[in-house]
Amino acid sequence: MSTLTVSGDAVAEPVRKLRECRSMIRPDRSIPSISLCGSDDVIQAFVHAFQMIRQQDANAYTSWANLGDQLDAAVDSMTCVDAALAESFR
Amino acid sequence: MSGMERRPDNGVPSVCDSAAEQVRGICTDLAGAASTASSLAPTVRTAWQGQAGNAFCGSLDAATESSRLTVAAWDRVKDELVRYATRLRDIQARGDQIRSALSSAEGSLSTAKKTLARYEKDDDTAAWRITHARGTVASLTDDIATQTVALDNLRAERQALDSDVAAALHSAPGAGAAAWQAIAYRNGRTIPKTDILDELLDLLDRDPTGNLDLLHQFLLMHSNDAELMGTFFDGLGARGLIDLMRRAGPGGTATFIFGLLATGFVTASSGWSSDKQRAFGAALVNAIDPDTVSSLTSDQELLARLLASPGVPPHVGLGAFARLDELRHLNPTRFAAITASLGAPSGAADYTIESLANTLFLLISQIPGEARDYFFSRSDPTEAVAYWYGRHPWASDGFTGPAALLRAIANEPVDLAGGDEQWKAILEFCSTALDNLGGRPDYNTSNVNPAAALDIAIAISSFIPEIAGNIFGDQDRSTFTGVAAEVFRDGLLQNAPTLDAQFGNLARALGVAATHPSALSAFLVQMRAYGDAVLAHVTGATPPTLDQARALLSSVSAVWGFTYAAYSVEAAGDAARLSNSSRALLDQIFAVGGLIPVPGASAGVGIGVAAATTVAPDVLAKIIPQILTDEQLLEIRNNPKTAGRDELNTRISDALETALSGMNPPYTVVDLGTGLVRPVTIDDFAKNIGEAYDTAAAAFSSEETDGAYSVLLSHSDETVSRDQMAAGKVN
């Protein structure tokens, strides 16, 4: 917080782009169907793999989005401190 | 042979193609997001420097690296689906050929059998015909057997393909996938999350190293799941976490797990009550074993890295800090081991490790009120503040942690509605901290990094009214400044609590910080703000008495003189570390008094503190020659003290000239020569202003005056001169 050396402008774009990741998270229900492929083993393995990797996928997007929030909060708290200081002698 | 038995190659390959296409799209999205994230890192790295910024970029890099594992996993699934469809088509083509040959042979066999039966029934049929017919039947039966074997082989091939693809898909999510599926999808059903966690914790407890891949897979999927992480870290406990970090930590065999573990910890701890956060922080300090070094990494460094992760709740840091501070008394040996300098691994000259204590100070600076309450909850608060600011080794951290906390406490929002107890406590904390900081020999230009210098300068700038109110007060400046003074704050001149720091130490605390251009610049911006507030008050609608006005204006001037003395003694004493051009830049910044126009902004607009902190020294060096003439620059170089005073005089005089002419009734004064009352002139003020500046500048930079020039050492009762301190002649 205290060692932030630039104003929020420089990180506004990173904050926006990181937060946008939240909208990329896929809903749980949509698994492509391969039920006509002819092998129950393959179908089951595909469903399990898909569920796991989709979970990884969602977790990755969430990590970025959370980092965007944290970056924003860091810039905000810095700006508040400086604004309060500048006002204190008035 | 039944119809199903004839079709071991059943299935619709195109469903796999279309699923592969969907997976390709998902994979492309994620790969694109990973590229975007890595392209953002350099921007953030430049914009946000210091430990917190480094930790943020470390987390961003770790998140992006992990996402690339997921991209690779999607790729594997897509490739398997494409391979499966391709192979299935090939098998089906051959299956069609076999079935065609089989049907044809079966048809012919049926006919041949009928022919043979007819021949055998008819006594007239020649023997050679029957032999031939029997040969045909036998040959066709062989053909059918051959095709049936081919079909069996095809079935085996299909089964092998199925099991190969299924195995590849099972392992597609990456290392640990099979182990995870063994827990999560047992007997074809999905197991409840709580049961999965129980088993996972049990496995990690029994064989942590053997289950690191499983842990990695779990975190890769769920490190942001508040419920799962909460339960997981509850079950793991502080000791379990430290143990896992030892195995997974930077320098360990599974470095990639560390970032995910940190993310998981942030997720879990963010959901805890502040009491639980503090308790866990304390438990973490209890759990580390300062003698344990896993590969390159000690426990205390692992903990420092964990707690430096962005988003760690500050109360975790407060709990850890409180425990560390308790250990200082309860177990000094353990305290010394935990806080011992970490040192760089051999061959890594640029390798810097932020200490655990520094990380904790940065964390608790986010909750300054509670951090301050902690210090005041000690049986001897002054001793605690004095230790951490006066004696704890901070040089390898560049003083960033203590500086951040000082700044945060100095700038705490104050609610005066509840009395001034909070403000008094802030003053008490900062007085002790500044007294001790200024009194330590290793607090010098080269050990204090620019970020810390900026924080310290801004912290001290919060007390400009107190410094001004006290600088030529009734108190003996060789002793403590007392706890109350006439202070101009919030537009009112009032008797108020003030800093209780020795002025020599305060001058040194400010002086060392102000040898960094950004810090000096930021301080001067606040000086100017204070001066403007005083000028507005003195010439406002309800002006103070003339004596008060004079005292106030003199105090503004005195603080400028004090500031000049503060940085110039350090700059001169530290000449070995400070280049001539750096020194010249400081003098120029001082002379223009914090009024640095922003390039591109409308002319004459000063920048506020927020912006001042962003102006890099090289930018200042470029701006200043644009607003000063060559003659002015020469004058500053030859005599910066006078240049600073003249600039200040001009500015105050100009403001007064405008204001006094418009005042009704005017200020009056009894002329000493004539004994008559006359309107006050600018000269009446200006004389005081110049004198106050010179007196302060001399008092704090020359041994010829009094004790204001001396510094009380933090680690002994000795008093030394600032020159000796600045020149590094005091140990």
# chains A, B, ... in the order shown; residues from 1 in each chain; ligands from 1
call {"tool": "residues_around", "arguments": {"residues": "Gln56 (chain A)", "least_positions_apart": "4", "cutoff": "10 Å", "atoms": "only C-alpha atoms", "output": "list in words"}}
result
Phe50, Gln51, Met52, Ala60, Tyr61 and Thr62 of chain A; Ser66, Ser67, Leu69, Thr70, Val71, Ala73, Pro173, Gln217, Phe218, Leu219, Leu220, Met221, His222 and Ser223 of chain B
call {"tool": "closest_residue", "arguments": {"among": "A:Leu71, A:Met24, A:Cys37, A:Val15", "to": "chain B", "atoms": "only C-alpha atoms"}}
result
A:Cys37
call {"tool": "residues_around", "arguments": {"residues": "Gln44 (chain A)", "least_positions_apart": "4", "cutoff": "10 Å", "atoms": "only C-alpha atoms", "output": "number ranges by chain"}}
result
A: 34-35, 39-40, 48-50; B: 166, 169-170, 188
call {"tool": "closest_residue", "arguments": {"among": "A:Arg22, A:Pro27, A:Arg16, A:Asp57", "to": "chain B", "atoms": "only C-alpha atoms"}}
result
A:Asp57
call {"tool": "residues_around", "arguments": {"residues": "Asn286 (chain B)", "least_positions_apart": "4", "cutoff": "9 Å", "atoms": "only C-alpha atoms", "output": "list in words"}}
result
Ala238, Arg239, Gly281, Ala282, Ala320, Arg323 and Leu324 of chain B
call {"tool": "select_by_dssp", "arguments": {"residues": "region 360-576 of chain B", "states": "helix (DSSP H, G or I)", "output": "ChimeraX atom specification"}}
result
/B:360-364,368-377,381-390,395-397,400-410,416-418,421-438,450-461,464-470,503-513,517-538,546-573
call {"tool": "closest_residue", "arguments": {"among": "B:Asp17, B:Asp124, B:Asp455, B:Asp587", "to": "Asn411 (chain B)", "atoms": "only C-alpha atoms"}}
result
B:Asp455
call {"tool": "residues_around", "arguments": {"residues": "Ala226 (chain B)", "least_positions_apart": "2", "cutoff": "9 Å", "atoms": "only C-alpha atoms", "output": "PyMOL selection string"}}
result
chain B and resi 222-224+228-231+264+267-271
call {"tool": "write_last_selection", "arguments": {"atoms": "N, CA and C atoms", "output": "PDB file, in the first residue's frame"}}
result
ATOM      1  N   HIS B 222      -9.319 -25.539  -6.885  1.00  0.00           N
ATOM      2  CA  HIS B 222     -10.172 -24.974  -5.826  1.00  0.00           C
ATOM      3  C   HIS B 222      -9.533 -23.894  -4.973  1.00  0.00           C
ATOM      4  N   SER B 223      -8.378 -23.350  -5.384  1.00  0.00           N
ATOM      5  CA  SER B 223      -7.703 -22.407  -4.484  1.00  0.00           C
ATOM      6  C   SER B 223      -8.524 -21.144  -4.202  1.00  0.00           C
ATOM      7  N   ASN B 224      -9.555 -20.890  -5.015  1.00  0.00           N
ATOM      8  CA  ASN B 224     -10.394 -19.708  -4.752  1.00  0.00           C
ATOM      9  C   ASN B 224     -11.764 -20.069  -4.178  1.00  0.00           C
ATOM     10  N   LEU B 228     -14.266 -24.615   0.581  1.00  0.00           N
ATOM     11  CA  LEU B 228     -13.290 -25.712   0.586  1.00  0.00           C
ATOM     12  C   LEU B 228     -11.974 -25.291   1.244  1.00  0.00           C
ATOM     13  N   MET B 229     -11.509 -24.078   0.892  1.00  0.00           N
ATOM     14  CA  MET B 229     -10.228 -23.629   1.445  1.00  0.00           C
ATOM     15  C   MET B 229     -10.344 -23.406   2.952  1.00  0.00           C
ATOM     16  N   GLY B 230     -11.481 -22.867   3.375  1.00  0.00           N
ATOM     17  CA  GLY B 230     -11.684 -22.657   4.814  1.00  0.00           C
ATOM     18  C   GLY B 230     -11.554 -23.969   5.566  1.00  0.00           C
ATOM     19  N   THR B 231     -12.255 -24.985   5.079  1.00  0.00           N
ATOM     20  CA  THR B 231     -12.199 -26.291   5.740  1.00  0.00           C
ATOM     21  C   THR B 231     -10.806 -26.898   5.641  1.00  0.00           C
ATOM     22  N   GLY B 264      -4.715 -20.082  -1.878  1.00  0.00           N
ATOM     23  CA  GLY B 264      -5.666 -20.812  -1.041  1.00  0.00           C
ATOM     24  C   GLY B 264      -5.710 -20.244   0.365  1.00  0.00           C
ATOM     25  N   THR B 267      -7.649 -17.062   0.320  1.00  0.00           N
ATOM     26  CA  THR B 267      -9.084 -17.362   0.204  1.00  0.00           C
ATOM     27  C   THR B 267      -9.648 -17.801   1.559  1.00  0.00           C
ATOM     28  N   ALA B 268      -8.939 -18.720   2.212  1.00  0.00           N
ATOM     29  CA  ALA B 268      -9.439 -19.255   3.481  1.00  0.00           C
ATOM     30  C   ALA B 268      -9.462 -18.173   4.551  1.00  0.00           C
ATOM     31  N   SER B 269      -8.337 -17.483   4.715  1.00  0.00           N
ATOM     32  CA  SER B 269      -8.223 -16.551   5.841  1.00  0.00           C
ATOM     33  C   SER B 269      -9.111 -15.319   5.667  1.00  0.00           C
ATOM     34  N   SER B 270      -9.432 -14.982   4.404  1.00  0.00           N
ATOM     35  CA  SER B 270     -10.307 -13.829   4.178  1.00  0.00           C
ATOM     36  C   SER B 270     -11.704 -14.085   4.736  1.00  0.00           C
ATOM     37  N   GLY B 271     -12.058 -15.364   4.863  1.00  0.00           N
ATOM     38  CA  GLY B 271     -13.389 -15.674   5.377  1.00  0.00           C
ATOM     39  C   GLY B 271     -13.440 -15.822   6.888  1.00  0.00           C
TER      40      GLY B 271
END
call {"tool": "residues_around", "arguments": {"residues": "Ala105 (chain B)", "least_positions_apart": "2", "cutoff": "7 Å", "atoms": "only C-alpha atoms", "output": "PDB file with N, CA and C atoms, in the first residue's frame"}}
result
ATOM      1  N   ALA B 101     -17.403 -58.439 -46.562  1.00  0.00           N
ATOM      2  CA  ALA B 101     -16.832 -59.733 -46.967  1.00  0.00           C
ATOM      3  C   ALA B 101     -17.568 -60.863 -46.263  1.00  0.00           C
ATOM      4  N   LEU B 102     -17.888 -60.608 -45.005  1.00  0.00           N
ATOM      5  CA  LEU B 102     -18.548 -61.627 -44.208  1.00  0.00           C
ATOM      6  C   LEU B 102     -19.948 -61.925 -44.764  1.00  0.00           C
ATOM      7  N   SER B 103     -20.709 -60.850 -45.034  1.00  0.00           N
ATOM      8  CA  SER B 103     -22.073 -61.036 -45.557  1.00  0.00           C
ATOM      9  C   SER B 103     -22.023 -61.791 -46.883  1.00  0.00           C
ATOM     10  N   GLY B 107     -23.643 -65.349 -47.570  1.00  0.00           N
ATOM     11  CA  GLY B 107     -24.638 -65.567 -48.632  1.00  0.00           C
ATOM     12  C   GLY B 107     -24.229 -66.728 -49.531  1.00  0.00           C
ATOM     13  N   SER B 108     -22.966 -66.712 -49.933  1.00  0.00           N
ATOM     14  CA  SER B 108     -22.456 -67.751 -50.828  1.00  0.00           C
ATOM     15  C   SER B 108     -22.498 -69.106 -50.137  1.00  0.00           C
ATOM     16  N   LEU B 109     -22.166 -69.104 -48.850  1.00  0.00           N
ATOM     17  CA  LEU B 109     -22.137 -70.360 -48.102  1.00  0.00           C
ATOM     18  C   LEU B 109     -23.527 -70.979 -48.042  1.00  0.00           C
ATOM     19  N   LEU B 140     -15.721 -71.514 -48.174  1.00  0.00           N
ATOM     20  CA  LEU B 140     -16.504 -70.370 -47.691  1.00  0.00           C
ATOM     21  C   LEU B 140     -16.528 -70.337 -46.158  1.00  0.00           C
ATOM     22  N   ASP B 143     -13.453 -68.798 -45.166  1.00  0.00           N
ATOM     23  CA  ASP B 143     -13.519 -67.331 -45.365  1.00  0.00           C
ATOM     24  C   ASP B 143     -14.244 -66.656 -44.203  1.00  0.00           C
ATOM     25  N   ILE B 144     -15.352 -67.236 -43.835  1.00  0.00           N
ATOM     26  CA  ILE B 144     -16.159 -66.643 -42.755  1.00  0.00           C
ATOM     27  C   ILE B 144     -15.358 -66.655 -41.454  1.00  0.00           C
TER      28      ILE B 144
END
call {"tool": "residues_around", "arguments": {"residues": "Tyr564 (chain B)", "least_positions_apart": "2", "cutoff": "8 Å", "atoms": "only C-alpha atoms", "output": "PDB file with N, CA, C and O atoms, in the first residue's frame"}}
result
ATOM      1  N   TRP B 560      10.732  26.131   7.478  1.00  0.00           N
ATOM      2  CA  TRP B 560      11.525  26.040   6.234  1.00  0.00           C
ATOM      3  C   TRP B 560      13.010  25.980   6.558  1.00  0.00           C
ATOM      4  O   TRP B 560      13.765  25.192   5.982  1.00  0.00           O
ATOM      5  N   GLY B 561      13.415  26.817   7.501  1.00  0.00           N
ATOM      6  CA  GLY B 561      14.826  26.812   7.887  1.00  0.00           C
ATOM      7  C   GLY B 561      15.224  25.467   8.485  1.00  0.00           C
ATOM      8  O   GLY B 561      16.284  24.908   8.192  1.00  0.00           O
ATOM      9  N   PHE B 562      14.344  24.961   9.304  1.00  0.00           N
ATOM     10  CA  PHE B 562      14.556  23.649   9.931  1.00  0.00           C
ATOM     11  C   PHE B 562      14.705  22.565   8.861  1.00  0.00           C
ATOM     12  O   PHE B 562      15.592  21.718   8.925  1.00  0.00           O
ATOM     13  N   ALA B 566      17.755  20.254   8.068  1.00  0.00           N
ATOM     14  CA  ALA B 566      17.575  18.808   8.205  1.00  0.00           C
ATOM     15  C   ALA B 566      18.242  18.059   7.059  1.00  0.00           C
ATOM     16  O   ALA B 566      19.054  17.167   7.276  1.00  0.00           O
ATOM     17  N   TYR B 567      17.934  18.454   5.826  1.00  0.00           N
ATOM     18  CA  TYR B 567      18.481  17.659   4.717  1.00  0.00           C
ATOM     19  C   TYR B 567      19.925  18.032   4.405  1.00  0.00           C
ATOM     20  O   TYR B 567      20.713  17.187   3.994  1.00  0.00           O
ATOM     21  N   SER B 568      20.259  19.317   4.607  1.00  0.00           N
ATOM     22  CA  SER B 568      21.592  19.736   4.154  1.00  0.00           C
ATOM     23  C   SER B 568      22.688  19.125   5.021  1.00  0.00           C
ATOM     24  O   SER B 568      23.756  18.797   4.517  1.00  0.00           O
ATOM     25  N   PHE B 590      14.429  22.303  -3.070  1.00  0.00           N
ATOM     26  CA  PHE B 590      14.151  23.120  -1.887  1.00  0.00           C
ATOM     27  C   PHE B 590      13.853  24.555  -2.291  1.00  0.00           C
ATOM     28  O   PHE B 590      12.915  25.174  -1.783  1.00  0.00           O
ATOM     29  N   LYS B 641      20.819  27.938   0.917  1.00  0.00           N
ATOM     30  CA  LYS B 641      20.067  28.368   2.095  1.00  0.00           C
ATOM     31  C   LYS B 641      19.418  29.728   1.850  1.00  0.00           C
ATOM     32  O   LYS B 641      18.235  29.927   2.097  1.00  0.00           O
ATOM     33  N   ALA B 697      17.622  27.583  10.588  1.00  0.00           N
ATOM     34  CA  ALA B 697      18.600  26.926   9.713  1.00  0.00           C
ATOM     35  C   ALA B 697      19.937  26.784  10.431  1.00  0.00           C
ATOM     36  O   ALA B 697      20.612  25.769  10.310  1.00  0.00           O
TER      37      ALA B 697
END
call {"tool": "closest_residue", "arguments": {"among": "B:Ala41, B:Leu307, B:Val512, B:Ala93", "to": "chain A", "atoms": "only C-alpha atoms"}}
result
B:Ala41
call {"tool": "closest_residue", "arguments": {"among": "B:Ile91, B:Leu362, B:Ala182, B:Leu302", "to": "chain A", "atoms": "only C-alpha atoms"}}
result
B:Leu362
call {"tool": "closest_residue", "arguments": {"among": "B:His132, B:Arg76, B:Lys193, B:Arg583", "to": "Ala167 (chain B)", "atoms": "only C-alpha atoms"}}
result
B:Arg76
